[in-house]
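Shown next: final06.csv, given as CSV, C-alpha atoms.
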chain,number,residue,atom,x,y,z
A,23,THR,CA,5.0,21.5,-1.1
A,24,VAL,CA,1.4,20.3,-1.6
A,25,ALA,CA,-0.4,17.5,0.3
A,26,LEU,CA,-3.9,16.2,-0.5
A,27,SER,CA,-6.2,15.2,2.3
A,28,PRO,CA,-7.2,11.5,2.6
A,29,ASP,CA,-10.7,12.3,1.5
A,30,SER,CA,-9.4,14.3,-1.5
A,31,ARG,CA,-11.4,17.3,-0.5
A,32,ARG,CA,-8.7,19.6,0.8
A,33,VAL,CA,-5.1,20.5,0.1
A,34,ALA,CA,-2.5,21.7,2.5
A,35,ALA,CA,0.1,23.8,0.7
A,36,THR,CA,3.3,25.7,1.6
A,37,VAL,CA,3.1,29.2,0.2
A,38,LEU,CA,5.1,32.4,0.8
A,39,ALA,CA,3.4,35.0,2.9
A,40,SER,CA,2.4,38.0,0.8
A,41,SER,CA,4.2,40.5,3.0
A,42,SER,CA,7.5,38.6,3.3
A,43,SER,CA,9.4,35.6,2.0
A,44,ARG,CA,8.4,33.6,5.1
A,45,PRO,CA,6.7,30.3,4.3
A,46,GLU,CA,3.3,29.4,5.7
A,47,VAL,CA,0.8,26.6,5.4
A,48,ARG,CA,-2.6,27.3,3.8
A,49,LEU,CA,-5.6,25.0,3.4
A,50,TYR,CA,-7.7,24.9,0.3
A,51,ASP,CA,-11.2,23.5,0.1
A,52,LEU,CA,-11.4,22.0,-3.4
A,53,GLU,CA,-15.2,21.8,-3.4
A,54,ARG,CA,-15.8,25.4,-2.3
A,55,GLY,CA,-12.7,26.9,-4.0
A,56,VAL,CA,-11.7,28.7,-0.8
A,57,GLY,CA,-8.3,29.0,0.8
A,58,THR,CA,-7.6,29.9,4.4
A,59,ARG,CA,-4.4,30.4,6.4
A,60,PHE,CA,-3.5,27.5,8.7
A,61,THR,CA,-0.3,28.5,10.4
A,62,PHE,CA,0.7,31.7,12.2
A,63,GLY,CA,3.8,33.0,13.8
A,64,ASP,CA,7.1,34.8,12.9
A,65,GLN,CA,9.1,31.7,12.1
A,66,GLY,CA,6.9,30.3,9.3
A,67,ALA,CA,5.9,26.7,8.5
A,68,ASN,CA,6.5,24.2,5.8
A,69,PHE,CA,6.1,20.6,4.5
A,70,PRO,CA,2.6,19.8,5.8
A,71,ILE,CA,1.5,16.1,5.8
A,72,TRP,CA,-2.0,14.8,6.7
A,73,SER,CA,-2.6,12.1,9.3
A,74,LEU,CA,-4.3,9.1,7.6
A,75,ASP,CA,-7.7,9.9,9.3
A,76,GLY,CA,-7.5,13.5,8.1
A,77,ARG,CA,-7.9,15.0,11.6
A,78,GLU,CA,-4.3,16.3,12.0
A,79,ILE,CA,-1.5,17.9,10.0
A,80,ALA,CA,2.1,17.7,10.9
A,81,PHE,CA,4.5,20.3,9.6
A,82,GLY,CA,8.0,21.7,10.0
A,83,ASP,CA,8.1,24.7,12.4
A,84,PRO,CA,11.5,26.4,11.6
A,85,GLY,CA,13.4,27.1,14.8
A,86,SER,CA,11.2,24.8,16.8
A,87,GLY,CA,11.0,21.4,15.2
A,88,ILE,CA,7.9,19.4,14.3
A,89,ARG,CA,4.4,20.6,15.2
A,90,ILE,CA,1.1,18.7,14.9
A,91,LYS,CA,-2.1,20.7,14.7
A,92,PRO,CA,-5.8,19.7,14.4
A,93,ALA,CA,-6.8,20.1,10.7
A,94,ASP,CA,-9.9,22.1,11.8
A,95,GLY,CA,-7.6,24.8,13.2
A,96,GLY,CA,-9.2,24.6,16.6
A,97,SER,CA,-5.9,25.0,18.4
A,98,GLU,CA,-2.3,25.8,17.7
A,99,GLY,CA,-1.5,22.2,18.2
A,100,ARG,CA,1.6,20.9,19.9
A,101,VAL,CA,5.4,20.7,19.3
A,102,VAL,CA,6.1,17.0,19.3
A,103,LEU,CA,9.8,17.3,18.6
A,104,LYS,CA,12.1,20.2,19.5
A,105,LEU,CA,14.9,20.8,17.1
A,106,VAL,CA,16.7,24.0,15.9
A,107,THR,CA,18.0,22.4,12.7
A,108,ASN,CA,16.1,21.8,9.4
A,109,VAL,CA,13.6,19.0,9.8
A,110,TRP,CA,10.8,17.9,7.5
A,111,PRO,CA,8.0,15.4,8.1
A,112,LEU,CA,7.6,13.0,5.2
A,113,GLY,CA,4.8,10.7,6.3
A,114,TRP,CA,2.8,8.9,9.0
A,115,SER,CA,2.8,5.2,9.7
A,116,PRO,CA,-0.5,3.5,9.0
A,117,ASP,CA,-1.3,3.2,12.7
A,118,GLY,CA,-0.6,6.9,13.3
A,119,LYS,CA,2.0,6.2,16.0
A,120,ARG,CA,5.1,7.2,14.0
A,121,LEU,CA,6.4,9.9,11.8
A,122,LEU,CA,9.0,9.5,9.1
A,123,LEU,CA,11.3,12.6,9.2
A,124,ARG,CA,14.1,14.1,7.2
A,125,ILE,CA,16.6,15.8,9.5
A,126,GLN,CA,19.7,17.9,8.5
A,127,ASP,CA,22.9,17.5,10.5
A,128,PRO,CA,23.5,21.0,11.9
A,129,SER,CA,27.3,20.5,11.9
A,130,GLY,CA,28.0,18.4,8.8
A,131,GLY,CA,25.1,19.5,6.7
A,132,GLY,CA,24.2,15.9,5.6
A,133,VAL,CA,20.5,14.8,5.5
A,134,ASP,CA,19.3,11.6,7.1
A,135,LEU,CA,16.1,9.7,7.4
A,136,TYR,CA,14.7,9.2,10.9
A,137,ASP,CA,11.9,7.2,12.5
A,138,PHE,CA,10.0,9.1,15.2
A,139,LEU,CA,7.7,7.4,17.7
A,140,LEU,CA,5.1,9.9,18.9
A,141,GLU,CA,4.6,8.2,22.2
A,142,GLY,CA,7.3,8.1,24.9
A,143,GLU,CA,10.6,9.8,24.8
A,144,PRO,CA,10.9,12.3,22.0
A,145,LYS,CA,14.0,10.9,20.4
A,146,PRO,CA,14.2,10.2,16.7
A,147,ARG,CA,15.9,7.0,15.5
A,148,LYS,CA,18.3,7.4,12.6
A,149,LEU,CA,17.6,5.0,9.7
A,150,PHE,CA,19.6,5.9,6.6
A,151,ALA,CA,21.6,8.7,5.0
A,152,THR,CA,19.7,10.1,2.1
A,153,ASP,CA,20.2,12.4,-0.8
A,154,PRO,CA,20.1,16.1,0.4
A,155,SER,CA,18.8,17.2,-3.0
A,156,GLU,CA,15.8,14.9,-3.0
A,157,PHE,CA,13.3,16.5,-0.6
A,158,VAL,CA,10.6,13.7,-0.8
A,159,ASN,CA,13.0,10.9,-0.2
A,160,GLY,CA,11.2,8.4,1.9
A,161,ALA,CA,7.8,6.7,2.2
A,162,ILE,CA,6.2,3.9,4.3
A,163,SER,CA,4.2,1.3,2.5
A,164,PRO,CA,0.5,1.4,3.0
A,165,ASP,CA,0.6,-1.7,5.2
A,166,GLY,CA,3.4,-0.3,7.3
A,167,LYS,CA,5.8,-3.1,6.7
A,168,TRP,CA,8.3,-1.6,4.3
A,169,LEU,CA,10.3,1.6,3.8
A,170,MET,CA,11.3,3.2,0.5
A,171,TYR,CA,14.0,5.8,0.4
A,172,VAL,CA,16.4,7.6,-2.0
A,173,SER,CA,20.1,7.7,-1.4
A,174,ASN,CA,23.1,8.8,-3.4
A,175,GLU,CA,25.6,6.7,-1.5
A,176,THR,CA,26.8,5.0,-4.7
A,177,GLY,CA,27.4,8.3,-6.4
A,178,ARG,CA,24.0,8.6,-8.0
A,179,GLN,CA,20.4,8.6,-6.8
A,180,GLU,CA,18.9,5.1,-6.4
A,181,ILE,CA,15.7,3.8,-4.8
A,182,TYR,CA,16.1,1.3,-1.9
A,183,ILE,CA,13.6,-0.6,0.3
A,184,ALA,CA,14.0,-2.1,3.8
A,185,PRO,CA,11.7,-3.7,6.4
A,186,TYR,CA,10.0,-1.3,8.7
A,187,PRO,CA,10.0,-0.4,11.5
A,188,GLY,CA,12.5,-3.1,12.5
A,189,LEU,CA,15.2,-2.7,9.9
A,190,GLY,CA,16.5,-5.8,8.2
A,191,GLU,CA,18.3,-6.4,4.9
A,192,ARG,CA,17.8,-3.5,2.5
A,193,ARG,CA,17.5,-3.9,-1.2
A,194,GLN,CA,18.3,-1.7,-4.2
A,195,VAL,CA,15.2,-1.3,-6.4
A,196,SER,CA,16.3,0.9,-9.3
A,197,THR,CA,19.0,-0.3,-11.6
A,198,SER,CA,20.0,2.9,-13.6
A,199,GLY,CA,19.2,5.7,-11.1
A,200,GLY,CA,16.0,6.5,-9.4
A,201,THR,CA,14.1,9.3,-7.7
A,202,SER,CA,10.6,10.5,-6.8
A,203,GLY,CA,9.6,7.0,-5.6
A,204,ARG,CA,5.9,6.3,-4.8
A,205,TRP,CA,4.2,3.2,-3.4
A,206,LEU,CA,1.5,1.7,-5.7
A,207,GLY,CA,-0.3,-0.3,-3.1
A,208,ASN,CA,1.8,-2.6,-0.8
A,209,ARG,CA,3.8,-4.5,-3.4
A,210,SER,CA,4.7,-2.1,-6.2
A,211,LEU,CA,6.9,1.0,-6.5
A,212,LEU,CA,6.8,3.7,-9.1
A,213,TYR,CA,9.9,5.9,-9.7
A,214,VAL,CA,11.6,8.2,-12.2
A,215,GLN,CA,14.9,7.4,-13.9
A,216,PRO,CA,16.7,10.8,-13.7
A,217,SER,CA,18.9,10.2,-16.8
A,218,ASP,CA,15.9,10.4,-19.1
A,219,GLY,CA,12.9,11.4,-16.9
A,220,LYS,CA,11.1,8.2,-17.8
A,221,PHE,CA,8.9,6.2,-15.4
A,222,PHE,CA,9.5,2.7,-14.2
A,223,ALA,CA,7.7,0.3,-11.8
A,224,VAL,CA,8.9,-2.6,-9.8
A,225,ASP,CA,6.6,-5.3,-8.4
A,226,PHE,CA,7.3,-7.4,-5.3
A,227,ASP,CA,6.2,-10.8,-3.9
A,228,GLU,CA,6.4,-11.4,-0.2
A,229,ASN,CA,8.6,-14.4,0.8
A,230,GLY,CA,8.4,-14.7,4.6
A,231,ASP,CA,10.1,-11.6,6.0
A,232,ALA,CA,11.8,-10.8,2.7
A,233,LEU,CA,10.7,-9.5,-0.7
A,234,ARG,CA,11.3,-11.1,-4.1
A,235,MET,CA,11.7,-8.3,-6.6
A,236,GLY,CA,10.8,-8.2,-10.3
A,237,ALA,CA,12.8,-6.3,-12.9
A,238,PRO,CA,12.0,-2.6,-13.5
A,239,ARG,CA,9.4,-2.3,-16.2
A,240,PRO,CA,8.6,0.8,-18.2
A,241,VAL,CA,5.2,2.5,-17.7
A,242,PHE,CA,3.4,5.2,-19.7
A,243,GLY,CA,4.9,3.6,-22.8
A,244,ASN,CA,8.2,4.6,-21.4
A,245,LYS,CA,7.5,8.2,-22.3
A,246,VAL,CA,7.0,11.2,-20.0
A,247,PRO,CA,3.3,11.7,-19.5
A,248,PRO,CA,1.9,15.0,-20.9
A,249,ARG,CA,1.4,17.8,-18.4
Translate this file's structure into structure tokens.
Amino acid sequence: TVALSPDSRRVAATVLASSSSRPEVRLYDLERGVGTRFTFGDQGANFPIWSLDGREIAFGDPGSGIRIKPADGGSEGRVVLKLVTNVWPLGWSPDGKRLLLRIQDPSGGGVDLYDFLLEGEPKPRKLFATDPSEFVNGAISPDGKWLMYVSNETGRQEIYIAPYPGLGERRQVSTSGGTSGRWLGNRSLLYVQPSDGKFFAVDFDENGDALRMGAPRPVFGNKVPPR
């Protein structure tokens, strides 16, 4: 996984250690073209995400849980959530007080989306069941009021949204399958339709505590952009 810093000057990336297959996080300075190792230890590290102010990076610490470390590498940071199962941070809330997590059920193997308040008792709150094959399957809107996630509960991947952090009525966004959802500002979502790999966007208008959704519209001329 690769995560760009808020100032677009650095990248945090999960790579395999040269001496083993253990994942580790490395930081790359895009201006200087220099990469440095960011995480250490025998268990490895993966799925780094930057805090919105660029001062910290949260990442999965296999066998331990979720660790948050200063982006300058000045300390080893702190374990904010102790878990022995697979857990991945997906994003920070705009106020920096919450993390959106993907946690695998150690007994059943299912993967669910959790909300984790960094202050107080370290107890994640289960939100929704998600698609285990979609690693980046949840994102908080930039204003912190809405949650996008991917689920296969209908038998295929679809994009959904719900109020956040207090959950209310959820709405299905995609109409013919959807994955790789991304917020475009506070009131638009971009996603891929898996059946043909084409991109669609949906716009929203806020109506009190609810959203009024437009129909999915093709973008990029409804063709896959060139790589």
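Of the listed residues (A:Gly166, A:Leu206, A:Trp110, A:Ile183), A:Trp110 comes nearest to Pro154 of chain A; the distances count all atoms listed in the file.
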For Val37 of chain A, work out the shell of residues within 9 Å, counting only C-alpha atoms and skipping chain neighbours fewer than 6 positions away, then give it as a list of chain:residue names.
->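 Within the cut-off, the hits are A:Thr23, A:Arg44, A:Pro45, A:Glu46, A:Val47, A:Arg48, A:Asn68.
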Of the residues A:Arg59, A:Arg77, A:Arg124, A:Arg234, which is the one nearest to Ala39 of chain A, using only C-alpha atoms?
->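 For Ala39 of chain A, the nearest of the given residues is A:Arg59.
For the set A:Gln126, A:Thr58, A:Phe81, A:Arg31, the residue with the smallest atom-to-atom gap to Leu112 of chain A is A:Phe81, counting all atoms listed in the file.
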For segment 186-197 of chain A, list every protein, DNA or RNA residue within 8 Å, evaluated using only C-alpha atoms, and leave out those in the same chain fewer than 5 positions away; present the list as a PyMOL selection string.
-> chain A and resi 137+162+166-169+180-181+224+235+238
